Amino acid sequence: MVIIGLSRKYVFRRPSQNLAVLLGIFLGVSLFIGIQVGSDTLAQGFGAVAKHNLGSKDAAITNRVTNFFVDNNTYTNILPSGKNTYAQNYLNELRSNSTVNQYVGSLSQRLQFSVTVVNDLLGTIEISEPFVGIPKNETGFGDLTNKNNQILKISDLKPGEVYIGRSLANLLFAKNDKIIGQNLTISGSFNSLAVPFGKFPIPSSLISYNKSILVKGVFEDNGKGKEQLSRFIAAPLSWVQQVMKDALQSKRAKSVLPVIGYGVNPINQIIVHWKADVNTNDKRTMAFNATRDAFKLIIGPQFSQFYQYSNSIVVIDSFVKLIADSLTLLLNVFGSLIAFAAVLVIVNIQSLALQSREKETGIVRAIGASRFQITMTNLTESLFLGIIGSAFGILGGAAYGQILILILSYSFGISLTDLSLVITTQIIINSFIAGIVLSQITGLIPAINASRVNIAEVLRGIKPPSSEKFGKKSLYLGAILTVLAIFQNLLYQDSVFYKGQEAFTNFTTSETNYLNILTLIVGPSLLLAYYRSKKLGLTLASAGLVFWAYFNIFVVFDWIKTGSGGLNYILYLMFSLIVGTIALIGTNLDFIANVGEWLFNLFARTKKTPIRGTSMVAFRQMRSKKVRSTLTFALFATILTLNIFLGTFSYSFRYGFDNVILTATSGSDVMLLTGQPIPNSVNYSKQLTDHFQTPGNNSGLKLNFVKGFTYSNPTTGYLQKNGSLKRGGTLLTVNSNSLWDSKGSWILKFNLLDNKTGTPFETGKNIQGQPSANKEDEAVWKALSNNTYIPNKNGTLRPIILLNTLVSFQGGQVKQLKRPGDSVWLNLTTGGLQEFVVGSILGENPLNSQSQGGGPPGAGSGIWFVSDQWTQNLTAYSGLTTSQNVFLGQSNAGDVRSKSIDRLITDIEIFSNKNGSAFRTKYGLFGVYGFSVYSIFEAQLEGQFRFFGFLQAFTSMGFVVGILGLFVVAYRSVAERKREIGMLRALGFRRRDVLYAVMLELIVTGLIGLVIGIINGIVLAYGIIRSGSGSAGTSVQLLIPIDILTIYIAITLGSALLAAVLPGLFGSRIPPSDALRYTG
Amino acid sequence: MKKMLELIDVKKVYNQGKTNEVVALDDISLTINEGEMVALMGPSGSGKSTLLNVIGGLTPVSSGKIFVEESDVTKLSEEELAALRRDRIGYIFQHFNLLEYLTAEQNVMLPLLIQGYSLNNASTKATTLLRELGLGGRVQHFPRELSGGQEQRVAISRSLITTPALILGDEPTGDLDLSSSEDVMKLFRRVNKENKQTLLLVTHSEFIGSLCDRVIRIDDGKIVENGELVK
Ligand SMILES: Nc1ncnc2c1ncn2[C@@H]1O[C@H](COP(=O)(O)OP(=O)(O)OP(=O)(O)O)[C@@H](O)[C@H]1O
Ligand SMILES: [Mg+2]
């Protein structure tokens, strides 16, 4: 009763102190909620986008074996006899099935393929756009609507007429162009069926088509138009089927190859839409399973061999959950640091509040209250505050979450309408728990300390100095840690004590050793703190932490040769650095303050100035209030470390790649792909270079050269002689014409990764002696283009092949599967396998980066270079032997980043694709699609950069918390010092002298945090860049973002200044006599 | 004889117009000449501390005029008041005298530093004075390491260090035993004689009062005796 009575009294009797505690808890809880709300919302946002892509597709049946559903005749040998398996018939059977009808609202058929689409008038082109055939009277899947909200009916379209999606229209048409009524040309190709037709298998062959289409309407990104985010062409199913049939027909007319098997009305998808009451994932899964069984019965036992039935919505939901979970993890990791900062604020404020009533505590103790009662009183009070703070924290968290949503929508391009604030009851419960836990944890130590006051001394108004040594707890903890450390290090077989430097050659063992040594540093230091002095122990422990982290970043990271690290190593380093530097500076704050005062007095040497008095007050105050000052600079150090780390890291990743790009692209800045292979007879390269001897209209640039390469069809390579260990890939052929210009000089420099470290290949001359990597590269490429044979492991000469890095993951470790000198095997058209010997491993090059369509350059696998001569013999090139479909060129821009290159590409597209252009008139439309080589890298980095941007924005919120916290701390600390300020004024301090003293103290404190933050942040960024394994990571340079740093410095010092000025002004304005009477 | 301090009809009302209004000083007029050492006595709550505060401009008066030497304290700006306190007045407080994070020496140095003294000069002067007051062995000690009497003596040193023309002491000997009190009074008398410094000392002790040139008694904010009984 006493406890509650007293604590209630405190809460209401000390509005300003408690307001501060309340604010602290409020901030902490807000952060906590914000993180949760942010990641929940993000998950929902990703989910919405992914579902957008589906349109209103709940589940879908697609075919597995071929591109299209097949008919009964084709698979007579495979499918159960007597069943008519035309897709339409399946559909009819499905529609009349009672199980299906129980769950399915509607079923719809689709024929969809990817086309290259060209705006004939402008020459603009897009590749791989879905061309979707939709039944004329389809119901149940929503409508396509135009921007006036009118329904665009598929049944209104005549053959050759289409609707196009808004986002595709934006790409193909200039801003103010008339779209409706314009003609576009679509082109593309598909494979005819390879059919096991009795004893005579019919091989697949490539069938091309080319059609003019008329745009009758533009549909928006809603309803059915949501599918593919409105980036597709919609046409009547019957006409899309006609396009396909015509293409087959023309091929049949031209050659004797019988093309059969697609049935009269081919489709390649059946889309399933559940009934309205199938609306949860559980129900969807049930419906899915039931209908799958029904389908199986209808189609027969081969169902899963030929068809794939995917539970699309549920799959997306679980995928989204996965993304959300990993994102939440990441946010929590960074959030925990921010939360750490928030805890610093609250502890700071809590201890201030309790300190200020020490005297009162002394009195209460003097009249007989027990220590337990004092502790409980204070804890009960902070419980009140925790509850109130949490309630407000929910509001704050919602606001924070809302801000995160804005940043998210900006960073990831998710429309705001898809992101609504998700606040679940769970979050609300969590927030209360968080608030209460925060208030109790942060209040516990100050409360216990408060209960321990020396009654006599506090009543006298003075504080006893804290003890020189740590208490028993330090002894126990130190002993436990020391023993633990010894065991850890002894029991670990890859321990540094057994292996020496070898222990650090692998990422995983380095990480474990890092932690083991860390314990070995901290444990004995704590013992020292107990037996000798607290200061010595703490200094040793913290200096050890800092040194060990630095040693790892600057030295150990050089030793690590294998494996790659997750976030953990960096996290350990981050925590060691933050905790280490804070503890080191905090323990030795008196030294720092003395140096500061000395320096300050050096600068203020002029005779008549009161500044020496001011600086003495400021610096002495700082060192006497060690804990408070440490908490304050720790706040900044933590938040700045995090922010500057992310800032530097993402900036380096963004711009530190320039050197990589320049190496990879030196020589070429333009890349062209074609929708259809261009026959060698056309000699497109020559047409282009001849034409662009005179600069293009838009760009004013000329083309120095264009070189063609031939992509194969997707194929399979084998890592073992017997045809096992398959790897999918695409072959790219090189001939001497691809690599050397007309004068015979080497122009395209692809980066080869490790022909220097691998087994050198024999080309007749030893390239090991060559000094420059470029010369070495040249030798390898020369060998390739000349189809040079090099020795395999047995010494037999075999043709050379260049591989992308082929890796496997074993137990979390990356293993490189093939090294120079190893062999791989490829299918020959004559049957059998051809052995190739790996000449070198490819690093970054624009060709393979493009083909991966994502990920950092060089990270993927799948492009293998072989000599042009092999196009005749390898199955991968069947049907493609004399055509070229990727071109690399060089403009005279001189800078790969030049924006005019984009305009040159427009010029090239007009030249190649525009209706009526000399080239198209003469040779036809191949659908040439271009982009600047630099944009490949840019596009790949864009995603990363956005993500870093989001993380940075997220952590900047921590910065805001820090600043708010600082305000509260500064305000409280000035309020606590009222009496002192009154005395200073009585001694003759002017108002502004008081202000200067307060400002000086806070700015110096802020400065300490700033310096720690900058150094830690940059060192950590350097660390993560160096830890990045693989080609991409190691090539990035550390770049220090001066402007970002300047902003942080300005904000930190500015806010420290502001946080000092306001309370300082307030303090200096209290009449001195009132201030002198203030008793806290 | 030169006037050091003159109060004319000084009135100080706390919480004016509110229910808890207190008239702490009620039309006080008095004059203290240069070189006088005056004791201010009166029962608790009579307004002694308030009187010292208004003289130093630590709190504004409700009405009346206060002259310290030639300047009217009630008309001075904050800046001028700070200069007056820094250069002309030395304060000794009733409670809470020293900055706990500064050593005895640094506490005494502070008034000199804000006058613009160098650290060395200030330190020399402060140590000399502390030694004179018998605190030679306590120069580097923090307030928490001093006894109440020692603390008070450090506070006195701090008020004397700038040789102010006027010293205002609020029970400067309150925490001291009899012999220490006598020592302090001797010191006060010495500076009073040597430097013609004027002292106004609040005390509850008739003995201390008897050591001064004149005793002013106030009760309920009014002067009841000024050297002789007020009629
Ligand atoms: N800031 C203030 N606000 C309201 N009342 C005040 C204030 N300061 C002093 N008083 C009142 O003014 C009167 C005079 O107070 P003062 O401190 O001057 O007395 P004092 O003579 O110094 O007493 P003591 O010998 O106990 O120190 C008292 O009644 C006191 O309650
Ligand atoms: Mg008093």
# chains A, B, ... in the order shown; residues from 1 in each chain; ligands from 1
call {"tool": "residues_near_ligand", "arguments": {"ligand": "ligand 1", "cutoff": "6 Å", "atoms": "only C-alpha atoms and all ligand atoms", "output": "list in words"}}
result
Asp1074 of chain A; Tyr14, Val22, Ala24, Pro43, Ser44, Gly45, Ser46, Gly47, Lys48, Ser49 and Thr50 of chain B
call {"tool": "write_last_selection", "arguments": {"atoms": "all heavy atoms", "output": "PDB file, in the first residue's frame"}}
result
ATOM      1  N   ASP A1074      15.695  32.031  -7.307  1.00  0.00           N
ATOM      2  CA  ASP A1074      14.805  30.871  -7.424  1.00  0.00           C
ATOM      3  C   ASP A1074      15.607  29.614  -7.670  1.00  0.00           C
ATOM      4  O   ASP A1074      15.360  28.568  -7.090  1.00  0.00           O
ATOM      5  CB  ASP A1074      13.816  31.050  -8.583  1.00  0.00           C
ATOM      6  CG  ASP A1074      12.716  32.029  -8.222  1.00  0.00           C
ATOM      7  OD1 ASP A1074      12.762  32.562  -7.082  1.00  0.00           O
ATOM      8  OD2 ASP A1074      11.830  32.260  -9.070  1.00  0.00           O
TER       9      ASP A1074
ATOM     10  N   TYR B  14       6.433  38.177  -2.621  1.00  0.00           N
ATOM     11  CA  TYR B  14       6.423  36.918  -3.378  1.00  0.00           C
ATOM     12  C   TYR B  14       4.981  36.573  -3.720  1.00  0.00           C
ATOM     13  O   TYR B  14       4.078  36.849  -2.955  1.00  0.00           O
ATOM     14  CB  TYR B  14       7.016  35.771  -2.555  1.00  0.00           C
ATOM     15  CG  TYR B  14       8.521  35.852  -2.379  1.00  0.00           C
ATOM     16  CD1 TYR B  14       9.070  36.125  -1.136  1.00  0.00           C
ATOM     17  CD2 TYR B  14       9.378  35.631  -3.465  1.00  0.00           C
ATOM     18  CE1 TYR B  14      10.446  36.179  -0.966  1.00  0.00           C
ATOM     19  CE2 TYR B  14      10.746  35.686  -3.296  1.00  0.00           C
ATOM     20  CZ  TYR B  14      11.285  35.956  -2.058  1.00  0.00           C
ATOM     21  OH  TYR B  14      12.626  36.011  -1.876  1.00  0.00           O
ATOM     22  N   VAL B  22       3.296  36.631  -0.023  1.00  0.00           N
ATOM     23  CA  VAL B  22       4.141  36.894   1.157  1.00  0.00           C
ATOM     24  C   VAL B  22       4.847  38.223   0.962  1.00  0.00           C
ATOM     25  O   VAL B  22       5.489  38.439  -0.058  1.00  0.00           O
ATOM     26  CB  VAL B  22       5.217  35.801   1.330  1.00  0.00           C
ATOM     27  CG1 VAL B  22       6.114  36.116   2.508  1.00  0.00           C
ATOM     28  CG2 VAL B  22       4.580  34.437   1.487  1.00  0.00           C
ATOM     29  N   ALA B  24       7.851  39.786   1.864  1.00  0.00           N
ATOM     30  CA  ALA B  24       9.104  39.385   2.504  1.00  0.00           C
ATOM     31  C   ALA B  24       9.890  40.610   2.969  1.00  0.00           C
ATOM     32  O   ALA B  24      10.543  40.567   4.000  1.00  0.00           O
ATOM     33  CB  ALA B  24       9.952  38.552   1.544  1.00  0.00           C
ATOM     34  N   PRO B  43      14.539  36.781  13.219  1.00  0.00           N
ATOM     35  CA  PRO B  43      14.045  35.412  13.314  1.00  0.00           C
ATOM     36  C   PRO B  43      13.938  34.743  11.949  1.00  0.00           C
ATOM     37  O   PRO B  43      13.974  35.411  10.919  1.00  0.00           O
ATOM     38  CB  PRO B  43      12.656  35.556  13.953  1.00  0.00           C
ATOM     39  CG  PRO B  43      12.303  36.985  13.858  1.00  0.00           C
ATOM     40  CD  PRO B  43      13.541  37.778  13.622  1.00  0.00           C
ATOM     41  N   SER B  44      13.806  33.461  11.974  1.00  0.00           N
ATOM     42  CA  SER B  44      13.693  32.711  10.722  1.00  0.00           C
ATOM     43  C   SER B  44      12.471  33.182   9.943  1.00  0.00           C
ATOM     44  O   SER B  44      11.405  33.410  10.516  1.00  0.00           O
ATOM     45  CB  SER B  44      13.580  31.223  11.057  1.00  0.00           C
ATOM     46  OG  SER B  44      13.472  30.506   9.865  1.00  0.00           O
ATOM     47  N   GLY B  45      12.660  33.367   8.672  1.00  0.00           N
ATOM     48  CA  GLY B  45      11.550  33.794   7.814  1.00  0.00           C
ATOM     49  C   GLY B  45      11.326  35.295   7.842  1.00  0.00           C
ATOM     50  O   GLY B  45      10.344  35.784   7.278  1.00  0.00           O
ATOM     51  N   SER B  46      12.230  36.038   8.458  1.00  0.00           N
ATOM     52  CA  SER B  46      12.002  37.476   8.584  1.00  0.00           C
ATOM     53  C   SER B  46      12.389  38.220   7.308  1.00  0.00           C
ATOM     54  O   SER B  46      12.054  39.383   7.152  1.00  0.00           O
ATOM     55  CB  SER B  46      12.794  38.025   9.772  1.00  0.00           C
ATOM     56  OG  SER B  46      14.164  37.684   9.627  1.00  0.00           O
ATOM     57  N   GLY B  47      13.101  37.570   6.418  1.00  0.00           N
ATOM     58  CA  GLY B  47      13.424  38.227   5.150  1.00  0.00           C
ATOM     59  C   GLY B  47      14.897  38.533   4.956  1.00  0.00           C
ATOM     60  O   GLY B  47      15.273  39.270   4.045  1.00  0.00           O
ATOM     61  N   LYS B  48      15.771  37.928   5.759  1.00  0.00           N
ATOM     62  CA  LYS B  48      17.195  38.225   5.678  1.00  0.00           C
ATOM     63  C   LYS B  48      17.795  37.771   4.339  1.00  0.00           C
ATOM     64  O   LYS B  48      18.458  38.543   3.635  1.00  0.00           O
ATOM     65  CB  LYS B  48      17.941  37.514   6.835  1.00  0.00           C
ATOM     66  CG  LYS B  48      17.395  37.833   8.206  1.00  0.00           C
ATOM     67  CD  LYS B  48      18.184  37.163   9.308  1.00  0.00           C
ATOM     68  CE  LYS B  48      18.063  35.635   9.326  1.00  0.00           C
ATOM     69  NZ  LYS B  48      16.718  35.133   9.693  1.00  0.00           N
ATOM     70  N   SER B  49      17.539  36.519   4.003  1.00  0.00           N
ATOM     71  CA  SER B  49      18.086  36.002   2.745  1.00  0.00           C
ATOM     72  C   SER B  49      17.518  36.787   1.573  1.00  0.00           C
ATOM     73  O   SER B  49      18.247  37.128   0.624  1.00  0.00           O
ATOM     74  CB  SER B  49      17.734  34.530   2.568  1.00  0.00           C
ATOM     75  OG  SER B  49      18.334  33.786   3.590  1.00  0.00           O
ATOM     76  N   THR B  50      16.226  37.102   1.651  1.00  0.00           N
ATOM     77  CA  THR B  50      15.610  37.871   0.585  1.00  0.00           C
ATOM     78  C   THR B  50      16.319  39.215   0.414  1.00  0.00           C
ATOM     79  O   THR B  50      16.583  39.657  -0.706  1.00  0.00           O
ATOM     80  CB  THR B  50      14.122  38.105   0.905  1.00  0.00           C
ATOM     81  OG1 THR B  50      13.509  36.843   1.152  1.00  0.00           O
ATOM     82  CG2 THR B  50      13.426  38.793  -0.238  1.00  0.00           C
TER      83      THR B  50
END
call {"tool": "select_by_dssp", "arguments": {"residues": "stretch 155-220 of chain B", "states": "helix (DSSP H, G or I)", "output": "MDAnalysis selection string"}}
result
chainID B and resid 155:160 178:195 206:210
call {"tool": "residues_near_ligand", "arguments": {"ligand": "ligand 2", "cutoff": "12 Å", "atoms": "only C-alpha atoms and all ligand atoms", "output": "PyMOL selection string"}}
result
(chain A and resi 1073+1076-1077) or (chain B and resi 24+40-53+92-95+169-172+174+201-204)
call {"tool": "select_by_dssp", "arguments": {"residues": "stretch 59-99 of chain B", "states": "strand (DSSP E)", "output": "PyMOL selection string"}}
result
chain B and resi 63-68+71-72+89-92
call {"tool": "write_last_selection", "arguments": {"atoms": "C-alpha atoms", "output": "JSON list (two decimals), in the first residue's frame"}}
result
[["chain", "number", "residue", "atom", "x", "y", "z"],
["B", 63, "SER", "CA", 9.34, 48.44, -5.64],
["B", 64, "GLY", "CA", 12.01, 50.76, -4.28],
["B", 65, "LYS", "CA", 15.60, 51.50, -5.16],
["B", 66, "ILE", "CA", 18.86, 49.82, -4.25],
["B", 67, "PHE", "CA", 22.19, 51.55, -4.80],
["B", 68, "VAL", "CA", 25.41, 49.58, -4.69],
["B", 71, "SER", "CA", 24.57, 52.10, -9.54],
["B", 72, "ASP", "CA", 20.88, 51.38, -9.00],
["B", 89, "ILE", "CA", 30.15, 41.59, -4.84],
["B", 90, "GLY", "CA", 31.20, 38.43, -3.07],
["B", 91, "TYR", "CA", 28.54, 35.93, -2.05],
["B", 92, "ILE", "CA", 28.45, 33.31, 0.65]]
call {"tool": "interface_residues", "arguments": {"of": "chain B", "to": "chain A", "cutoff": "10 Å", "atoms": "only C-alpha atoms", "output": "PyMOL selection string"}}
result
chain B and resi 49-50+52-54+56-60+78-93+95-103+106-107+109-119+143-145+148+158-159
call {"tool": "residues_around", "arguments": {"residues": "A:Ile901", "least_positions_apart": "2", "cutoff": "10 Å", "atoms": "only C-alpha atoms", "output": "short mmCIF file (atom, residue, chain, number, x, y, z; two decimals) with all heavy atoms, in the first residue's frame"}}
result
data_model
loop_
_atom_site.label_atom_id
_atom_site.label_comp_id
_atom_site.auth_asym_id
_atom_site.auth_seq_id
_atom_site.Cartn_x
_atom_site.Cartn_y
_atom_site.Cartn_z
N ASP A 669 30.09 -0.32 -75.49
CA ASP A 669 29.14 0.41 -74.68
C ASP A 669 27.69 0.21 -75.13
O ASP A 669 26.77 0.70 -74.51
CB ASP A 669 29.48 1.90 -74.62
CG ASP A 669 29.72 2.50 -75.99
OD1 ASP A 669 29.32 1.86 -76.98
OD2 ASP A 669 30.28 3.61 -76.07
N VAL A 670 27.52 -0.54 -76.21
CA VAL A 670 26.18 -0.75 -76.75
C VAL A 670 25.95 -2.25 -76.86
O VAL A 670 26.84 -2.99 -77.27
CB VAL A 670 26.07 -0.12 -78.15
CG1 VAL A 670 24.84 -0.62 -78.88
CG2 VAL A 670 26.03 1.39 -78.04
N ASN A 698 19.40 11.44 -83.29
CA ASN A 698 19.09 11.74 -81.89
C ASN A 698 20.33 11.90 -81.04
O ASN A 698 20.38 12.74 -80.16
CB ASN A 698 18.25 10.61 -81.29
CG ASN A 698 16.86 10.58 -81.88
OD1 ASN A 698 16.22 11.62 -82.02
ND2 ASN A 698 16.40 9.40 -82.25
N SER A 699 21.32 11.08 -81.32
CA SER A 699 22.46 11.00 -80.41
C SER A 699 23.65 11.82 -80.85
O SER A 699 24.44 12.26 -80.02
CB SER A 699 22.90 9.54 -80.31
OG SER A 699 23.28 9.08 -81.61
N GLY A 700 23.80 12.01 -82.18
CA GLY A 700 25.02 12.65 -82.68
C GLY A 700 26.24 11.76 -82.50
O GLY A 700 27.37 12.23 -82.52
N LEU A 701 26.01 10.46 -82.27
CA LEU A 701 27.14 9.55 -82.08
C LEU A 701 27.34 8.66 -83.30
O LEU A 701 26.39 8.31 -84.00
CB LEU A 701 26.89 8.65 -80.87
CG LEU A 701 26.91 9.28 -79.48
CD1 LEU A 701 26.67 8.20 -78.43
CD2 LEU A 701 28.25 9.97 -79.23
N LYS A 702 28.58 8.28 -83.50
CA LYS A 702 28.90 7.29 -84.54
C LYS A 702 29.14 5.94 -83.88
O LYS A 702 29.33 5.85 -82.67
CB LYS A 702 30.21 7.69 -85.24
CG LYS A 702 30.14 8.98 -86.02
CD LYS A 702 31.36 9.03 -86.91
CE LYS A 702 31.94 10.43 -86.97
NZ LYS A 702 33.19 10.48 -87.74
N GLN A 890 30.59 -0.45 -80.16
CA GLN A 890 31.25 0.65 -79.46
C GLN A 890 30.91 1.94 -80.18
O GLN A 890 31.03 2.02 -81.41
CB GLN A 890 32.76 0.44 -79.47
CG GLN A 890 33.51 1.51 -78.70
CD GLN A 890 35.00 1.44 -78.99
OE1 GLN A 890 35.43 1.69 -80.11
NE2 GLN A 890 35.79 1.11 -77.99
N SER A 891 30.46 2.92 -79.42
CA SER A 891 30.17 4.23 -80.02
C SER A 891 31.40 5.10 -79.85
O SER A 891 32.38 4.68 -79.23
CB SER A 891 28.99 4.87 -79.31
OG SER A 891 29.41 5.30 -78.03
N ASN A 892 31.32 6.30 -80.34
CA ASN A 892 32.45 7.21 -80.12
C ASN A 892 32.19 8.13 -78.94
O ASN A 892 32.78 9.19 -78.82
CB ASN A 892 32.76 8.01 -81.40
CG ASN A 892 31.63 8.94 -81.78
OD1 ASN A 892 30.51 8.77 -81.27
ND2 ASN A 892 31.89 9.90 -82.66
N ALA A 893 31.24 7.71 -78.05
CA ALA A 893 30.92 8.56 -76.89
C ALA A 893 32.12 8.71 -75.96
O ALA A 893 32.31 9.75 -75.34
CB ALA A 893 29.75 7.95 -76.12
N GLY A 894 32.94 7.66 -75.85
CA GLY A 894 34.14 7.77 -75.03
C GLY A 894 33.90 7.49 -73.55
O GLY A 894 34.82 7.24 -72.80
N ASP A 895 32.63 7.54 -73.10
CA ASP A 895 32.32 7.30 -71.70
C ASP A 895 31.14 6.36 -71.65
O ASP A 895 30.07 6.66 -72.17
CB ASP A 895 31.97 8.65 -71.03
CG ASP A 895 31.55 8.47 -69.58
OD1 ASP A 895 31.60 7.32 -69.08
OD2 ASP A 895 31.16 9.48 -68.96
N VAL A 896 31.34 5.20 -71.03
CA VAL A 896 30.25 4.21 -71.02
C VAL A 896 28.99 4.74 -70.34
O VAL A 896 27.92 4.21 -70.54
CB VAL A 896 30.65 2.89 -70.33
CG1 VAL A 896 31.62 2.11 -71.19
CG2 VAL A 896 31.18 3.14 -68.94
N ARG A 897 29.17 5.78 -69.50
CA ARG A 897 28.01 6.27 -68.77
C ARG A 897 27.25 7.36 -69.50
O ARG A 897 26.25 7.86 -69.01
CB ARG A 897 28.46 6.81 -67.41
CG ARG A 897 28.72 5.71 -66.42
CD ARG A 897 29.57 6.19 -65.29
NE ARG A 897 30.90 6.57 -65.77
CZ ARG A 897 31.97 6.64 -65.01
NH1 ARG A 897 31.88 6.38 -63.76
NH2 ARG A 897 33.14 6.98 -65.52
N SER A 898 27.76 7.73 -70.68
CA SER A 898 27.14 8.85 -71.38
C SER A 898 25.67 8.57 -71.70
O SER A 898 25.30 7.48 -72.12
CB SER A 898 27.91 9.10 -72.68
OG SER A 898 27.13 9.88 -73.54
N LYS A 899 24.85 9.59 -71.47
CA LYS A 899 23.42 9.44 -71.72
C LYS A 899 23.12 9.39 -73.23
O LYS A 899 22.08 8.88 -73.65
CB LYS A 899 22.64 10.60 -71.08
CG LYS A 899 22.47 10.44 -69.57
CD LYS A 899 21.38 9.43 -69.20
CE LYS A 899 21.56 8.90 -67.79
NZ LYS A 899 21.69 7.46 -67.70
N ARG A 903 20.42 7.44 -76.52
CA ARG A 903 19.81 8.00 -77.73
C ARG A 903 20.35 7.32 -78.98
O ARG A 903 19.62 7.13 -79.96
CB ARG A 903 20.05 9.52 -77.77
CG ARG A 903 19.30 10.24 -76.66
CD ARG A 903 19.28 11.74 -76.88
NE ARG A 903 20.58 12.35 -76.68
CZ ARG A 903 21.02 12.75 -75.47
NH1 ARG A 903 20.24 12.62 -74.41
NH2 ARG A 903 22.20 13.30 -75.35
N LEU A 904 21.61 6.90 -78.92
CA LEU A 904 22.16 6.16 -80.06
C LEU A 904 21.37 4.87 -80.25
O LEU A 904 21.10 4.43 -81.38
CB LEU A 904 23.64 5.85 -79.81
CG LEU A 904 24.30 4.94 -80.87
CD1 LEU A 904 24.35 5.64 -82.23
CD2 LEU A 904 25.70 4.52 -80.44
N ILE A 905 20.97 4.27 -79.15
CA ILE A 905 20.21 3.03 -79.23
C ILE A 905 18.87 3.28 -79.91
O ILE A 905 18.41 2.48 -80.73
CB ILE A 905 20.09 2.40 -77.83
CG1 ILE A 905 21.41 1.68 -77.54
CG2 ILE A 905 18.94 1.41 -77.76
CD1 ILE A 905 21.80 1.66 -76.14
N THR A 906 18.24 4.41 -79.56
CA THR A 906 17.01 4.78 -80.27
C THR A 906 17.29 4.89 -81.76
O THR A 906 16.53 4.39 -82.59
CB THR A 906 16.50 6.14 -79.72
OG1 THR A 906 16.48 6.07 -78.31
CG2 THR A 906 15.10 6.44 -80.24
N ASP A 907 18.40 5.54 -82.09
CA ASP A 907 18.78 5.66 -83.51
C ASP A 907 18.91 4.29 -84.16
O ASP A 907 18.44 4.06 -85.27
CB ASP A 907 20.13 6.40 -83.65
CG ASP A 907 19.99 7.90 -83.34
OD1 ASP A 907 18.87 8.43 -83.50
OD2 ASP A 907 20.99 8.52 -82.94
N PHE A 931 20.32 -1.70 -75.68
CA PHE A 931 20.48 -0.94 -74.43
C PHE A 931 21.94 -0.65 -74.22
O PHE A 931 22.81 -1.29 -74.83
CB PHE A 931 19.91 -1.69 -73.22
CG PHE A 931 20.15 -3.16 -73.24
CD1 PHE A 931 21.32 -3.68 -72.74
CD2 PHE A 931 19.20 -4.02 -73.78
CE1 PHE A 931 21.54 -5.04 -72.76
CE2 PHE A 931 19.43 -5.38 -73.80
CZ PHE A 931 20.59 -5.90 -73.30
N SER A 932 22.21 0.33 -73.38
CA SER A 932 23.61 0.64 -73.14
C SER A 932 24.15 -0.39 -72.17
O SER A 932 23.45 -0.86 -71.28
CB SER A 932 23.76 2.05 -72.58
OG SER A 932 23.44 2.07 -71.22
N VAL A 933 25.39 -0.77 -72.35
CA VAL A 933 25.99 -1.78 -71.50
C VAL A 933 25.98 -1.31 -70.04
O VAL A 933 25.73 -2.08 -69.12
CB VAL A 933 27.42 -2.07 -71.98
CG1 VAL A 933 28.19 -2.88 -70.94
CG2 VAL A 933 27.38 -2.81 -73.30
N TYR A 934 26.16 -0.02 -69.87
CA TYR A 934 26.18 0.52 -68.51
C TYR A 934 24.84 0.29 -67.82
O TYR A 934 24.78 0.03 -66.63
CB TYR A 934 26.51 2.01 -68.54
CG TYR A 934 26.71 2.60 -67.18
CD1 TYR A 934 27.85 2.32 -66.44
CD2 TYR A 934 25.76 3.45 -66.63
CE1 TYR A 934 28.04 2.85 -65.19
CE2 TYR A 934 25.93 3.99 -65.36
CZ TYR A 934 27.07 3.68 -64.65
OH TYR A 934 27.26 4.21 -63.40
N SER A 935 23.76 0.37 -68.61
CA SER A 935 22.44 0.24 -68.00
C SER A 935 22.20 -1.15 -67.44
O SER A 935 21.40 -1.34 -66.53
CB SER A 935 21.34 0.61 -68.99
OG SER A 935 21.27 -0.37 -70.01
#
call {"tool": "atom_distance", "arguments": {"atom1": "atom CA of A:Pro820", "atom2": "atom CA of A:Phe507"}}
result
24.2 Å
